[in-house]
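Visitor: The structure file upload-v1.pdb (PDB, C-alpha atoms) is provided below.
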ATOM      1  CA  MET A  13      17.441  25.751 -35.801
ATOM      2  CA  LYS A  14      14.021  25.255 -34.284
ATOM      3  CA  GLU A  15      11.020  26.742 -36.046
ATOM      4  CA  THR A  16       8.242  28.925 -34.705
ATOM      5  CA  ARG A  17       4.791  27.377 -34.981
ATOM      6  CA  LEU A  18       1.476  29.048 -34.214
ATOM      7  CA  ILE A  19      -2.012  27.656 -33.724
ATOM      8  CA  VAL A  20      -4.649  30.334 -34.327
ATOM      9  CA  ASN A  21      -7.738  29.066 -32.518
ATOM     10  CA  ALA A  22     -11.211  30.637 -32.407
ATOM     11  CA  ASP A  23     -13.234  30.173 -29.235
ATOM     12  CA  ASP A  24     -17.063  30.201 -29.033
ATOM     13  CA  PHE A  25     -17.660  28.306 -32.291
ATOM     14  CA  GLY A  26     -21.391  27.561 -32.266
ATOM     15  CA  MET A  27     -22.374  30.238 -29.739
ATOM     16  CA  SER A  28     -24.294  32.113 -32.456
ATOM     17  CA  ARG A  29     -24.639  31.969 -36.229
ATOM     18  CA  GLY A  30     -22.763  35.256 -36.577
ATOM     19  CA  ILE A  31     -19.803  33.878 -34.628
ATOM     20  CA  THR A  32     -19.919  30.559 -36.472
ATOM     21  CA  ASP A  33     -19.955  32.200 -39.905
ATOM     22  CA  ALA A  34     -17.069  34.471 -38.898
ATOM     23  CA  VAL A  35     -14.998  31.497 -37.735
ATOM     24  CA  LEU A  36     -15.567  29.691 -41.024
ATOM     25  CA  LEU A  37     -14.769  32.823 -43.033
ATOM     26  CA  SER A  38     -11.597  33.447 -41.009
ATOM     27  CA  HIS A  39     -10.465  29.931 -41.796
ATOM     28  CA  ARG A  40     -11.359  29.960 -45.477
ATOM     29  CA  TYR A  41     -10.058  33.423 -46.326
ATOM     30  CA  GLY A  42      -7.678  34.104 -43.468
ATOM     31  CA  PHE A  43      -5.137  32.424 -41.224
ATOM     32  CA  LEU A  44      -7.352  30.822 -38.571
ATOM     33  CA  THR A  45      -6.407  27.143 -38.227
ATOM     34  CA  SER A  46      -8.528  25.703 -35.411
ATOM     35  CA  ALA A  47     -11.744  26.324 -33.506
ATOM     36  CA  SER A  48     -13.285  25.227 -30.197
ATOM     37  CA  LEU A  49     -16.981  24.353 -30.433
ATOM     38  CA  MET A  50     -19.600  24.919 -27.716
ATOM     39  CA  VAL A  51     -22.187  22.155 -27.721
ATOM     40  CA  ASN A  52     -25.063  23.661 -25.729
ATOM     41  CA  MET A  53     -25.602  26.873 -27.679
ATOM     42  CA  PRO A  54     -28.258  27.936 -30.218
ATOM     43  CA  ALA A  55     -25.895  27.499 -33.200
ATOM     44  CA  SER A  56     -24.122  24.314 -32.066
ATOM     45  CA  GLU A  57     -25.842  22.054 -34.611
ATOM     46  CA  TYR A  58     -25.298  24.721 -37.278
ATOM     47  CA  ALA A  59     -21.563  24.798 -36.478
ATOM     48  CA  VAL A  60     -21.202  21.014 -36.618
ATOM     49  CA  ALA A  61     -22.987  20.841 -39.980
ATOM     50  CA  HIS A  62     -20.884  23.577 -41.565
ATOM     51  CA  ALA A  63     -17.590  22.399 -40.067
ATOM     52  CA  GLN A  64     -17.945  19.251 -42.182
ATOM     53  CA  HIS A  65     -17.303  21.410 -45.258
ATOM     54  CA  ALA A  66     -14.148  22.967 -43.775
ATOM     55  CA  ARG A  67     -12.015  19.856 -43.928
ATOM     56  CA  HIS A  68      -8.749  21.578 -42.951
ATOM     57  CA  LEU A  69     -10.264  23.235 -39.863
ATOM     58  CA  SER A  70      -9.236  21.496 -36.645
ATOM     59  CA  VAL A  71     -12.322  21.357 -34.415
ATOM     60  CA  GLY A  72     -11.996  20.920 -30.664
ATOM     61  CA  ILE A  73     -14.422  21.345 -27.810
ATOM     62  CA  HIS A  74     -15.019  24.495 -25.775
ATOM     63  CA  LEU A  75     -16.331  22.931 -22.579
ATOM     64  CA  ASN A  76     -18.897  25.168 -20.964
ATOM     65  CA  ILE A  77     -20.194  25.199 -17.393
ATOM     66  CA  CYS A  78     -21.189  28.844 -17.072
ATOM     67  CA  ARG A  79     -23.635  29.649 -19.892
ATOM     68  CA  GLY A  80     -26.929  28.073 -20.906
ATOM     69  CA  LYS A  81     -28.134  24.658 -19.784
ATOM     70  CA  PRO A  82     -26.109  21.485 -19.254
ATOM     71  CA  ILE A  83     -26.248  18.547 -21.628
ATOM     72  CA  LEU A  84     -27.104  16.264 -18.708
ATOM     73  CA  PRO A  85     -30.481  16.680 -16.976
ATOM     74  CA  PRO A  86     -30.120  19.445 -14.358
ATOM     75  CA  ALA A  87     -31.114  16.982 -11.632
ATOM     76  CA  GLU A  88     -27.921  15.024 -12.363
ATOM     77  CA  VAL A  89     -25.656  18.070 -11.888
ATOM     78  CA  PRO A  90     -27.355  20.048  -9.089
ATOM     79  CA  THR A  91     -24.140  21.704  -7.878
ATOM     80  CA  LEU A  92     -23.588  23.265 -11.320
ATOM     81  CA  VAL A  93     -27.008  24.827 -11.931
ATOM     82  CA  ASP A  94     -29.353  27.366 -10.399
ATOM     83  CA  THR A  95     -33.034  26.856  -9.584
ATOM     84  CA  SER A  96     -34.017  27.378 -13.230
ATOM     85  CA  GLY A  97     -31.700  24.605 -14.421
ATOM     86  CA  ASN A  98     -29.187  26.969 -16.033
ATOM     87  CA  PHE A  99     -25.491  26.961 -15.292
ATOM     88  CA  PHE A 100     -24.471  29.506 -12.687
ATOM     89  CA  SER A 101     -23.136  32.778 -14.105
ATOM     90  CA  PRO A 102     -19.345  33.008 -14.610
ATOM     91  CA  PRO A 103     -18.667  34.991 -11.400
ATOM     92  CA  GLU A 104     -20.795  32.621  -9.313
ATOM     93  CA  MET A 105     -19.315  29.502 -10.916
ATOM     94  CA  ILE A 106     -15.798  30.777 -10.289
ATOM     95  CA  ARG A 107     -16.657  31.285  -6.630
ATOM     96  CA  ARG A 108     -18.061  27.771  -6.430
ATOM     97  CA  LEU A 109     -14.969  26.301  -8.070
ATOM     98  CA  TRP A 110     -12.674  28.111  -5.639
ATOM     99  CA  ARG A 111     -14.757  26.995  -2.637
ATOM    100  CA  TRP A 112     -15.129  23.363  -3.801
ATOM    101  CA  GLN A 113     -18.918  23.800  -3.934
ATOM    102  CA  ALA A 114     -19.114  22.193  -7.381
ATOM    103  CA  SER A 115     -19.024  18.404  -7.352
ATOM    104  CA  PRO A 116     -15.945  16.989  -9.152
ATOM    105  CA  HIS A 117     -17.987  13.933 -10.107
ATOM    106  CA  GLN A 118     -20.694  16.108 -11.670
ATOM    107  CA  LEU A 119     -18.106  18.238 -13.464
ATOM    108  CA  GLU A 120     -16.494  15.174 -15.011
ATOM    109  CA  ALA A 121     -19.878  13.749 -16.005
ATOM    110  CA  GLU A 122     -20.945  16.983 -17.701
ATOM    111  CA  PHE A 123     -17.590  17.378 -19.458
ATOM    112  CA  ARG A 124     -17.908  13.856 -20.834
ATOM    113  CA  ALA A 125     -21.528  14.435 -21.856
ATOM    114  CA  GLN A 126     -20.502  17.502 -23.855
ATOM    115  CA  ILE A 127     -17.648  15.642 -25.547
ATOM    116  CA  CYS A 128     -19.968  12.734 -26.373
ATOM    117  CA  TRP A 129     -22.539  15.135 -27.835
ATOM    118  CA  LEU A 130     -19.942  16.240 -30.356
ATOM    119  CA  LYS A 131     -18.611  12.752 -31.066
ATOM    120  CA  GLN A 132     -22.135  11.439 -31.669
ATOM    121  CA  ARG A 133     -22.382  13.934 -34.538
ATOM    122  CA  GLY A 134     -19.320  12.535 -36.246
ATOM    123  CA  CYS A 135     -16.726  14.964 -34.896
ATOM    124  CA  HIS A 136     -13.962  13.665 -32.624
ATOM    125  CA  PRO A 137     -12.480  16.765 -30.926
ATOM    126  CA  THR A 138      -8.832  17.394 -31.732
ATOM    127  CA  HIS A 139      -8.344  19.409 -28.535
ATOM    128  CA  ALA A 140     -10.136  20.800 -25.505
ATOM    129  CA  ASP A 141     -10.329  24.051 -23.590
ATOM    130  CA  SER A 142     -13.151  25.767 -21.736
ATOM    131  CA  HIS A 143     -15.333  28.855 -21.690
ATOM    132  CA  HIS A 144     -13.755  31.509 -19.442
ATOM    133  CA  HIS A 145     -10.949  29.009 -18.708
ATOM    134  CA  MET A 146     -13.091  27.289 -16.062
ATOM    135  CA  HIS A 147     -11.130  24.037 -16.381
ATOM    136  CA  ILE A 148      -8.015  25.482 -14.744
ATOM    137  CA  TYR A 149      -9.713  26.247 -11.409
ATOM    138  CA  PRO A 150      -8.799  23.824  -8.609
ATOM    139  CA  THR A 151     -12.106  21.947  -8.421
ATOM    140  CA  ALA A 152     -12.330  21.461 -12.191
ATOM    141  CA  ALA A 153      -8.761  20.608 -13.249
ATOM    142  CA  LEU A 154      -8.745  16.916 -12.332
ATOM    143  CA  PRO A 155     -12.301  16.232 -13.629
ATOM    144  CA  PHE A 156     -11.309  17.945 -16.878
ATOM    145  CA  ALA A 157      -8.194  15.764 -17.226
ATOM    146  CA  ARG A 158     -10.085  12.573 -16.379
ATOM    147  CA  ALA A 159     -12.833  13.374 -18.896
ATOM    148  CA  LEU A 160     -10.319  14.004 -21.676
ATOM    149  CA  LYS A 161      -8.414  10.825 -20.941
ATOM    150  CA  ALA A 162     -11.638   8.786 -20.919
ATOM    151  CA  GLU A 163     -12.769  10.313 -24.218
ATOM    152  CA  ASP A 164      -9.368   9.979 -25.930
ATOM    153  CA  ILE A 165      -8.541  13.665 -26.415
ATOM    154  CA  SER A 166      -4.790  14.212 -26.454
ATOM    155  CA  CYS A 167      -4.378  17.998 -26.798
ATOM    156  CA  VAL A 168      -5.274  20.817 -24.418
ATOM    157  CA  ARG A 169      -4.774  24.551 -24.374
ATOM    158  CA  ALA A 170      -1.700  25.572 -22.397
ATOM    159  CA  SER A 171      -2.540  26.905 -18.957
ATOM    160  CA  ARG A 172       0.505  29.150 -19.110
ATOM    161  CA  CYS A 173       0.115  32.446 -20.930
ATOM    162  CA  MET A 174       2.809  34.927 -21.908
ATOM    163  CA  GLN A 175       3.109  38.263 -23.692
ATOM    164  CA  TYR A 176       5.686  38.855 -26.404
ATOM    165  CA  PRO A 177       7.963  40.724 -26.430
ATOM    166  CA  ARG A 178       8.566  39.795 -22.806
ATOM    167  CA  ASN A 179       9.088  42.943 -20.772
ATOM    168  CA  GLY A 180      10.801  41.184 -17.889
ATOM    169  CA  ALA A 181       7.952  41.851 -15.445
ATOM    170  CA  LEU A 182       7.379  39.055 -12.941
ATOM    171  CA  GLY A 183       4.082  37.250 -13.161
ATOM    172  CA  GLY A 184       3.501  37.644 -16.883
ATOM    173  CA  PRO A 185       0.402  39.431 -18.250
ATOM    174  CA  HIS A 186      -1.854  38.645 -15.293
ATOM    175  CA  GLU A 187      -3.776  41.282 -13.380
ATOM    176  CA  GLY A 188      -3.356  42.565  -9.831
ATOM    177  CA  SER A 189      -0.488  43.038  -7.416
ATOM    178  CA  LEU A 190       2.940  41.527  -7.939
ATOM    179  CA  PRO A 191       2.382  38.693  -5.403
ATOM    180  CA  ARG A 192      -0.913  37.796  -7.081
ATOM    181  CA  ARG A 193       0.629  37.789 -10.569
ATOM    182  CA  VAL A 194       3.499  35.582  -9.447
ATOM    183  CA  LEU A 195       1.160  33.126  -7.707
ATOM    184  CA  VAL A 196      -1.196  32.930 -10.697
ATOM    185  CA  GLN A 197       1.678  32.315 -13.091
ATOM    186  CA  ALA A 198       3.220  29.686 -10.801
ATOM    187  CA  TYR A 199      -0.136  27.920 -10.452
ATOM    188  CA  ARG A 200      -0.683  27.831 -14.213
ATOM    189  CA  VAL A 201       2.822  26.555 -14.905
ATOM    190  CA  SER A 202       2.372  23.855 -12.249
ATOM    191  CA  LEU A 203      -0.881  22.694 -13.885
ATOM    192  CA  ASP A 204       0.910  22.130 -17.178
ATOM    193  CA  ALA A 205       3.688  20.261 -15.381
ATOM    194  CA  THR A 206       1.397  18.019 -13.313
ATOM    195  CA  VAL A 207      -2.319  17.562 -13.986
ATOM    196  CA  PHE A 208      -2.088  18.264 -17.727
ATOM    197  CA  SER A 209       1.381  16.810 -18.334
ATOM    198  CA  ARG A 210      -0.061  13.704 -20.065
ATOM    199  CA  PHE A 211      -1.520  15.879 -22.850
ATOM    200  CA  ARG A 212       0.079  17.654 -25.797
ATOM    201  CA  SER A 213      -0.188  21.428 -25.652
ATOM    202  CA  PRO A 214       1.542  24.537 -26.982
ATOM    203  CA  GLN A 215       4.307  25.998 -24.849
ATOM    204  CA  SER A 216       2.164  29.009 -24.071
ATOM    205  CA  ARG A 217      -0.926  30.917 -25.059
ATOM    206  CA  LEU A 218      -0.303  34.463 -26.271
ATOM    207  CA  SER A 219      -1.909  36.883 -23.854
ATOM    208  CA  PHE A 220      -2.113  40.615 -23.272
ATOM    209  CA  VAL A 221      -2.677  42.815 -20.256
ATOM    210  CA  SER A 222      -6.231  43.953 -19.602
ATOM    211  CA  ARG A 223      -5.744  47.554 -20.705
ATOM    212  CA  ASP A 224      -4.507  46.340 -24.104
ATOM    213  CA  ARG A 225      -7.268  43.743 -24.542
ATOM    214  CA  HIS A 226      -9.903  46.423 -24.028
ATOM    215  CA  ASN A 227      -8.359  48.931 -26.435
ATOM    216  CA  LEU A 228      -8.944  47.588 -29.937
ATOM    217  CA  THR A 229      -6.481  49.956 -31.588
ATOM    218  CA  ILE A 230      -3.723  48.803 -29.272
ATOM    219  CA  LEU A 231      -4.781  45.133 -29.369
ATOM    220  CA  GLY A 232      -4.248  44.881 -33.116
ATOM    221  CA  GLU A 233      -0.756  46.289 -32.698
ATOM    222  CA  ARG A 234      -0.084  43.807 -29.890
ATOM    223  CA  TRP A 235      -0.941  40.967 -32.252
ATOM    224  CA  LYS A 236       1.619  42.284 -34.722
ATOM    225  CA  SER A 237       4.233  42.836 -32.024
ATOM    226  CA  SER A 238       3.787  39.278 -30.762
ATOM    227  CA  PHE A 239       4.238  37.850 -34.255
ATOM    228  CA  THR A 240       7.418  39.878 -34.677
ATOM    229  CA  HIS A 241       8.968  38.814 -31.362
ATOM    230  CA  LEU A 242       7.733  35.234 -31.074
ATOM    231  CA  PRO A 243      10.626  32.855 -30.297
ATOM    232  CA  SER A 244      11.005  29.322 -31.592
ATOM    233  CA  GLY A 245       8.509  26.809 -30.253
ATOM    234  CA  THR A 246       4.775  26.165 -30.511
ATOM    235  CA  PHE A 247       2.257  28.764 -29.344
ATOM    236  CA  GLU A 248      -1.466  29.479 -29.524
ATOM    237  CA  LEU A 249      -3.274  32.710 -30.289
ATOM    238  CA  ALA A 250      -6.835  32.406 -28.985
ATOM    239  CA  CYS A 251      -9.265  34.718 -30.755
ATOM    240  CA  HIS A 252     -12.989  35.471 -30.935
ATOM    241  CA  PRO A 253     -14.089  36.510 -34.443
ATOM    242  CA  GLY A 254     -17.746  37.270 -35.039
ATOM    243  CA  PHE A 255     -20.265  39.076 -37.222
ATOM    244  CA  PHE A 256     -22.838  41.366 -35.649
ATOM    245  CA  GLU A 257     -26.028  39.358 -35.207
ATOM    246  CA  ARG A 258     -29.262  41.063 -34.277
ATOM    247  CA  GLY A 259     -30.762  39.594 -31.138
ATOM    248  CA  PHE A 260     -27.400  38.378 -29.878
ATOM    249  CA  SER A 261     -24.713  41.025 -30.303
ATOM    250  CA  GLU A 262     -26.643  43.743 -28.456
ATOM    251  CA  THR A 263     -25.950  41.917 -25.188
ATOM    252  CA  ASP A 264     -22.543  40.503 -26.114
ATOM    253  CA  PRO A 265     -19.910  42.559 -24.243
ATOM    254  CA  ILE A 266     -17.161  41.830 -26.789
ATOM    255  CA  HIS A 267     -19.115  42.127 -30.050
ATOM    256  CA  LEU A 268     -16.932  45.012 -31.262
ATOM    257  CA  GLN A 269     -13.787  43.014 -30.547
ATOM    258  CA  ARG A 270     -15.244  40.071 -32.464
ATOM    259  CA  GLU A 271     -15.773  42.234 -35.534
ATOM    260  CA  GLU A 272     -12.266  43.687 -35.345
ATOM    261  CA  GLU A 273     -10.652  40.286 -34.889
ATOM    262  CA  LEU A 274     -12.537  39.011 -37.939
ATOM    263  CA  ARG A 275     -11.035  41.896 -39.902
ATOM    264  CA  TRP A 276      -7.506  41.174 -38.649
ATOM    265  CA  LEU A 277      -7.766  37.458 -39.327
ATOM    266  CA  THR A 278      -8.659  38.114 -42.967
ATOM    267  CA  ASP A 279      -6.283  41.057 -43.444
ATOM    268  CA  ARG A 280      -3.466  40.440 -45.921
ATOM    269  CA  GLU A 281      -1.111  42.646 -43.893
ATOM    270  CA  PHE A 282      -1.343  40.340 -40.877
ATOM    271  CA  ARG A 283      -0.831  37.207 -42.988
ATOM    272  CA  GLU A 284       2.148  38.705 -44.782
ATOM    273  CA  LEU A 285       3.690  39.618 -41.431
ATOM    274  CA  LEU A 286       3.401  35.984 -40.326
ATOM    275  CA  ASP A 287       5.160  34.944 -43.536
ATOM    276  CA  ARG A 288       7.945  37.514 -43.092
ATOM    277  CA  CYS A 289       8.491  36.301 -39.527
ATOM    278  CA  LYS A 290       8.707  32.708 -40.812
ATOM    279  CA  ILE A 291       5.928  31.562 -38.494
ATOM    280  CA  ARG A 292       4.452  28.256 -39.576
ATOM    281  CA  LEU A 293       0.720  28.011 -38.997
ATOM    282  CA  ILE A 294      -0.403  24.620 -37.714
ATOM    283  CA  THR A 295      -3.570  23.058 -36.340
ATOM    284  CA  TYR A 296      -4.278  21.217 -33.114
ATOM    285  CA  HIS A 297      -4.697  18.086 -35.214
ATOM    286  CA  GLU A 298      -1.084  18.415 -36.335
ATOM    287  CA  LEU A 299       0.050  18.986 -32.773
ATOM    288  CA  ALA A 300      -1.619  15.724 -31.765
ATOM    289  CA  GLU A 301      -0.499  13.648 -34.735
ATOM    290  CA  GLN A 302       2.956  14.914 -35.627
ATOM    291  CA  PRO A 303       5.895  15.228 -33.237
ATOM    292  CA  ALA A 304       7.817  18.468 -33.509
ATOM    293  CA  GLY A 305      10.507  18.204 -36.151
ATOM    294  CA  SER A 306       8.839  15.375 -38.070
ATOM    295  CA  ARG A 307       7.729  15.525 -41.675
ATOM    296  CA  ALA A 308       6.374  18.874 -42.836
ATOM    297  CA  ALA A 309       2.786  19.517 -41.883
ATOM    298  CA  GLN A 310       0.166  20.361 -44.440
ATOM    299  CA  PRO A 311       0.402  24.116 -44.960
ATOM    300  CA  VAL A 312      -2.511  26.394 -44.251
ATOM    301  CA  PRO A 313      -3.843  27.773 -47.534
ATOM    302  CA  ALA A 314      -2.639  31.241 -48.444
ATOM    303  CA  LEU A 315      -4.961  34.160 -47.870
ATOM    304  CA  ARG A 316      -7.311  34.539 -50.796
ATOM    305  CA  ASN A 317      -8.440  37.742 -52.363
ATOM    306  CA  THR A 318     -12.032  38.364 -51.278
ATOM    307  CA  GLY A 319     -12.532  41.327 -53.517
TER     308      GLY A 319
END
Rewrite the coordinates I just gave you, this time as structure tokens.

Guide:
Amino acid sequence: MKETRLIVNADDFGMSRGITDAVLLSHRYGFLTSASLMVNMPASEYAVAHAQHARHLSVGIHLNICRGKPILPPAEVPTLVDTSGNFFSPPEMIRRLWRWQASPHQLEAEFRAQICWLKQRGCHPTHADSHHHMHIYPTAALPFARALKAEDISCVRASRCMQYPRNGALGGPHEGSLPRRVLVQAYRVSLDATVFSRFRSPQSRLSFVSRDRHNLTILGERWKSSFTHLPSGTFELACHPGFFERGFSETDPIHLQREEELRWLTDREFRELLDRCKIRLITYHELAEQPAGSRAAQPVPALRNTG
């Protein structure tokens, strides 16, 4: 009988000190197994330094082309930045990626520069994904894959996302009309089967419809429901824990969600549910190094009593 394995991965590691501390706490006292680090943020160096003391935390890279400044000089990536040298905002960058107005060569160069920034600090990323999932857009997918291959990264986040229990609706948990949902799901599945097929990845990322993601009471219950109904295979739960940080959280649109997710990740009830459902927590490092069904992976430490 196949087992159910779950990677619990925190995005935005290094975006702020409050987020970084929450990620580390969720790993040490909760069931978070992996994290994706942003390299061009105010707390990036802070995150790298503190990750060295969390030796069981699998650290990947959260490639970013829509917040802050690039690692490369702006003059080397002119199609990715505005007149002030900052990356275009997420809505504008998405438009540019759809319209092929961002140079694939510049995207690949910036992706590699960000990966090298992390490697130069002694951390070889165990996996890669991107801020606001920018790497799955048509212009960025091939540059993303080429950069990862060149920098010897073998694991990526699954493009496909599903909600459990599956309600039978076509198109999965995507937004919009039925034709749009079906097309989005088909596109994501095709990416995993073609451009990203050379990489190891979970079968699917756990996802939830928009109305549930924006209702924190419901979202916590959706986490529990997914754990209860998760089939055999390997999956990823992407999360965004964070502490409130003055000067940052006031303008962070999901700061309340970050605080709630930190609470859930360190809540004994959630961890005990995972145990009852016989879900084995693994890291991206284990996904890269150990074929499914091989020797038992190193278990994630049990939730400790913080009181």

Visitor: At a cut-off of 9 Å, using only C-alpha atoms, what residues contact Arg234 of chain A? Leave out same-chain residues fewer than 2 positions from it and give the result as a ChimeraX atom specification.

Guide: /A:175-176,220,224-225,230-232,236-239

Visitor: Would you please work out which residue, of A:Ile77, A:Leu37, A:Leu44, A:Val51, is nearest to Phe282 of chain A when using only C-alpha atoms?

Guide: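 Looking only at the distances to Phe282 of chain A, the closest residue turns out to be A:Leu44.
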
Visitor: Using the chain letters and numbers from the file, which residues does the PyMOL selection byres ((chain A and resi 194-207) around 10) grab, as an NGL selection string?

Guide: :A and (148-150 or 153-154 or 156-158 or 168-174 or 181-193 or 208-213 or 215-216)

Visitor: Please report, as JSON lines, each residue of segment 128-171 of chain A lying at most 10 Å from segment 85-105 of chain A, together with the nearest pair of atoms and the separation in Å rounded to one decimal; use all atoms listed in the file, and order rows by chain and ascending residue number.

Guide:
{"residue": "A:His143", "atom": "CA", "partner": "A:Pro102", "partner_atom": "CA", "distance": 9.1}
{"residue": "A:His144", "atom": "CA", "partner": "A:Pro102", "partner_atom": "CA", "distance": 7.5}
{"residue": "A:Met146", "atom": "CA", "partner": "A:Met105", "partner_atom": "CA", "distance": 8.4}

Visitor: For the point (-20.9, 26.6, -33.1) in the file's frame, write as a list in words all residues with an atom no more than 6 Å away, counting only C-alpha atoms.

Guide: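 Applying the cut-off with only C-alpha atoms, one gets Phe25, Gly26, Met27, Thr32, Leu49, Met50, Ala55, Ser56 and Ala59 of chain A.
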
Visitor: Report, in Å to a single decimal, how far apart atom CA of Asn52 of chain A and atom CA of Glu122 of chain A are.

Guide: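 About the pair atom CA of Glu122 of chain A and atom CA of Asn52 of chain A: they are 11.2 Å apart.
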
Visitor: Can you list what the PyMOL selection byres ((chain A and resi 155) around 9) grabs from this structure, as a list in words?

Guide: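 Taken over the shown coordinates, the PyMOL selection byres ((chain A and resi 155) around 9) returns Pro116, His117, Gln118, Leu119, Glu120, Ala121, Phe123, His147, Thr151, Ala152, Ala153, Leu154, Phe156, Ala157, Arg158, Ala159 and Leu160 of chain A.
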
Visitor: Could you check which of A:Thr295, A:Gln64, A:Ser28, A:Ser219 is closest to Gly134 of chain A, using only C-alpha atoms?

Guide: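 Nearest to Gly134 of chain A: A:Gln64.
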
Visitor: Tell me, in Å to one decimal, how far atom CA of Leu249 of chain A is from atom CA of Glu298 of chain A.

Guide: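 Separation between atom CA of Leu249 of chain A and atom CA of Glu298 of chain A: 15.7 Å.
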
Visitor: Using all atoms listed in the file, pick whichever of A:Gly42, A:Gly259, A:Pro137, A:Pro243 has the shortest atom-to-atom distance to Arg275 of chain A.

Guide: A:Gly42

Visitor: Counting only C-alpha atoms, which of A:Arg288, A:Pro214, A:Glu301, A:Ile294 gets nearest to His68 of chain A?

Guide: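 Looking only at the distances to His68 of chain A, the closest residue turns out to be A:Ile294.
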
Visitor: Just the number, please: distance in Å from atom CA of Ile106 of chain A to atom CA of Arg79 of chain A, one decimal.

Guide: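 That distance, rounded to one decimal, is 12.4 Å.
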
Visitor: Tell me which of A:Val20, A:Glu248, A:Gly72, A:Gly30 sits closest to Asp264 of chain A, counting all atoms listed in the file.

Guide: A:Gly30

Visitor: Name the residues in contact with His65 of chain A at a cut-off of 12 Å, using all atoms listed in the file, excluding same-chain residues fewer than 5 positions from it; report them as a compact mmCIF listing (two decimals) with C-alpha atoms, in the frame of the given file.

Guide:
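So selection-v2.txt came out as:
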# COMPACT_ATOMS: atom_id res chain seq x y z
CA LEU A 36 -15.57 29.69 -41.02
CA LEU A 37 -14.77 32.82 -43.03
CA HIS A 39 -10.46 29.93 -41.80
CA ARG A 40 -11.36 29.96 -45.48
CA TYR A 58 -25.30 24.72 -37.28
CA ALA A 59 -21.56 24.80 -36.48
CA VAL A 60 -21.20 21.01 -36.62
CA SER A 70 -9.24 21.50 -36.65
CA VAL A 71 -12.32 21.36 -34.42

Visitor: Go through A:His252, A:Trp129, A:Thr240, A:Arg107 one by one, measure the shortest atom-to-atom distance of each to Glu284 of chain A using all atoms listed in the file, and give the residue with the smallest value.

Guide: A:Thr240

Visitor: Determine the residue membership of the PyMOL selection byres ((chain A and resi 278) around 7) for the file above and supply it as a ChimeraX atom specification.

Guide: /A:38,41-43,274-277,279-280

Visitor: Would you list the contacts of Ser48 of chain A as a PyMOL selection string, taking every protein, DNA or RNA residue within 8 Å and counting only C-alpha atoms, but skipping same-chain residues closer than 5 positions in sequence?

Guide: chain A and resi 21-25+71-74+139-141

Visitor: Could those residues be written to a file, using C-alpha atoms, as a PDB file, in the frame of the given file?

Guide:
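Below is the file that was written, selection-v5.pdb:
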ATOM      1  CA  ASN A  21      -7.738  29.066 -32.518  1.00  0.00           C
ATOM      2  CA  ALA A  22     -11.211  30.637 -32.407  1.00  0.00           C
ATOM      3  CA  ASP A  23     -13.234  30.173 -29.235  1.00  0.00           C
ATOM      4  CA  ASP A  24     -17.063  30.201 -29.033  1.00  0.00           C
ATOM      5  CA  PHE A  25     -17.660  28.306 -32.291  1.00  0.00           C
ATOM      6  CA  VAL A  71     -12.322  21.357 -34.415  1.00  0.00           C
ATOM      7  CA  GLY A  72     -11.996  20.920 -30.664  1.00  0.00           C
ATOM      8  CA  ILE A  73     -14.422  21.345 -27.810  1.00  0.00           C
ATOM      9  CA  HIS A  74     -15.019  24.495 -25.775  1.00  0.00           C
ATOM     10  CA  HIS A 139      -8.344  19.409 -28.535  1.00  0.00           C
ATOM     11  CA  ALA A 140     -10.136  20.800 -25.505  1.00  0.00           C
ATOM     12  CA  ASP A 141     -10.329  24.051 -23.590  1.00  0.00           C
TER      13      ASP A 141
END

Visitor: Atoms are missing here; could segment 74-82 of chain A be completed with N, CA and C atoms and written as a JSON list (two decimals), in the coordinates of the input?

Guide:
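Final output, saved to result-v7.json:
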[["chain", "number", "residue", "atom", "x", "y", "z"],
["A", 74, "HIS", "N", -15.09, 23.36, -26.70],
["A", 74, "HIS", "CA", -15.02, 24.50, -25.78],
["A", 74, "HIS", "C", -15.97, 24.17, -24.63],
["A", 75, "LEU", "N", -15.47, 23.40, -23.66],
["A", 75, "LEU", "CA", -16.33, 22.93, -22.58],
["A", 75, "LEU", "C", -16.89, 24.11, -21.80],
["A", 76, "ASN", "N", -18.18, 24.01, -21.48],
["A", 76, "ASN", "CA", -18.90, 25.17, -20.96],
["A", 76, "ASN", "C", -19.71, 24.78, -19.73],
["A", 77, "ILE", "N", -19.42, 25.43, -18.61],
["A", 77, "ILE", "CA", -20.19, 25.20, -17.39],
["A", 77, "ILE", "C", -20.68, 26.52, -16.79],
["A", 78, "CYS", "N", -20.78, 27.54, -17.62],
["A", 78, "CYS", "CA", -21.19, 28.84, -17.07],
["A", 78, "CYS", "C", -22.10, 29.63, -18.01],
["A", 79, "ARG", "N", -22.70, 28.97, -19.00],
["A", 79, "ARG", "CA", -23.64, 29.65, -19.89],
["A", 79, "ARG", "C", -24.62, 28.64, -20.44],
["A", 80, "GLY", "N", -25.91, 28.97, -20.38],
["A", 80, "GLY", "CA", -26.93, 28.07, -20.91],
["A", 80, "GLY", "C", -27.22, 26.91, -19.98],
["A", 81, "LYS", "N", -27.74, 25.84, -20.56],
["A", 81, "LYS", "CA", -28.13, 24.66, -19.78],
["A", 81, "LYS", "C", -27.15, 23.52, -20.02],
["A", 82, "PRO", "N", -27.01, 22.63, -19.06],
["A", 82, "PRO", "CA", -26.11, 21.48, -19.25],
["A", 82, "PRO", "C", -26.67, 20.50, -20.27]]
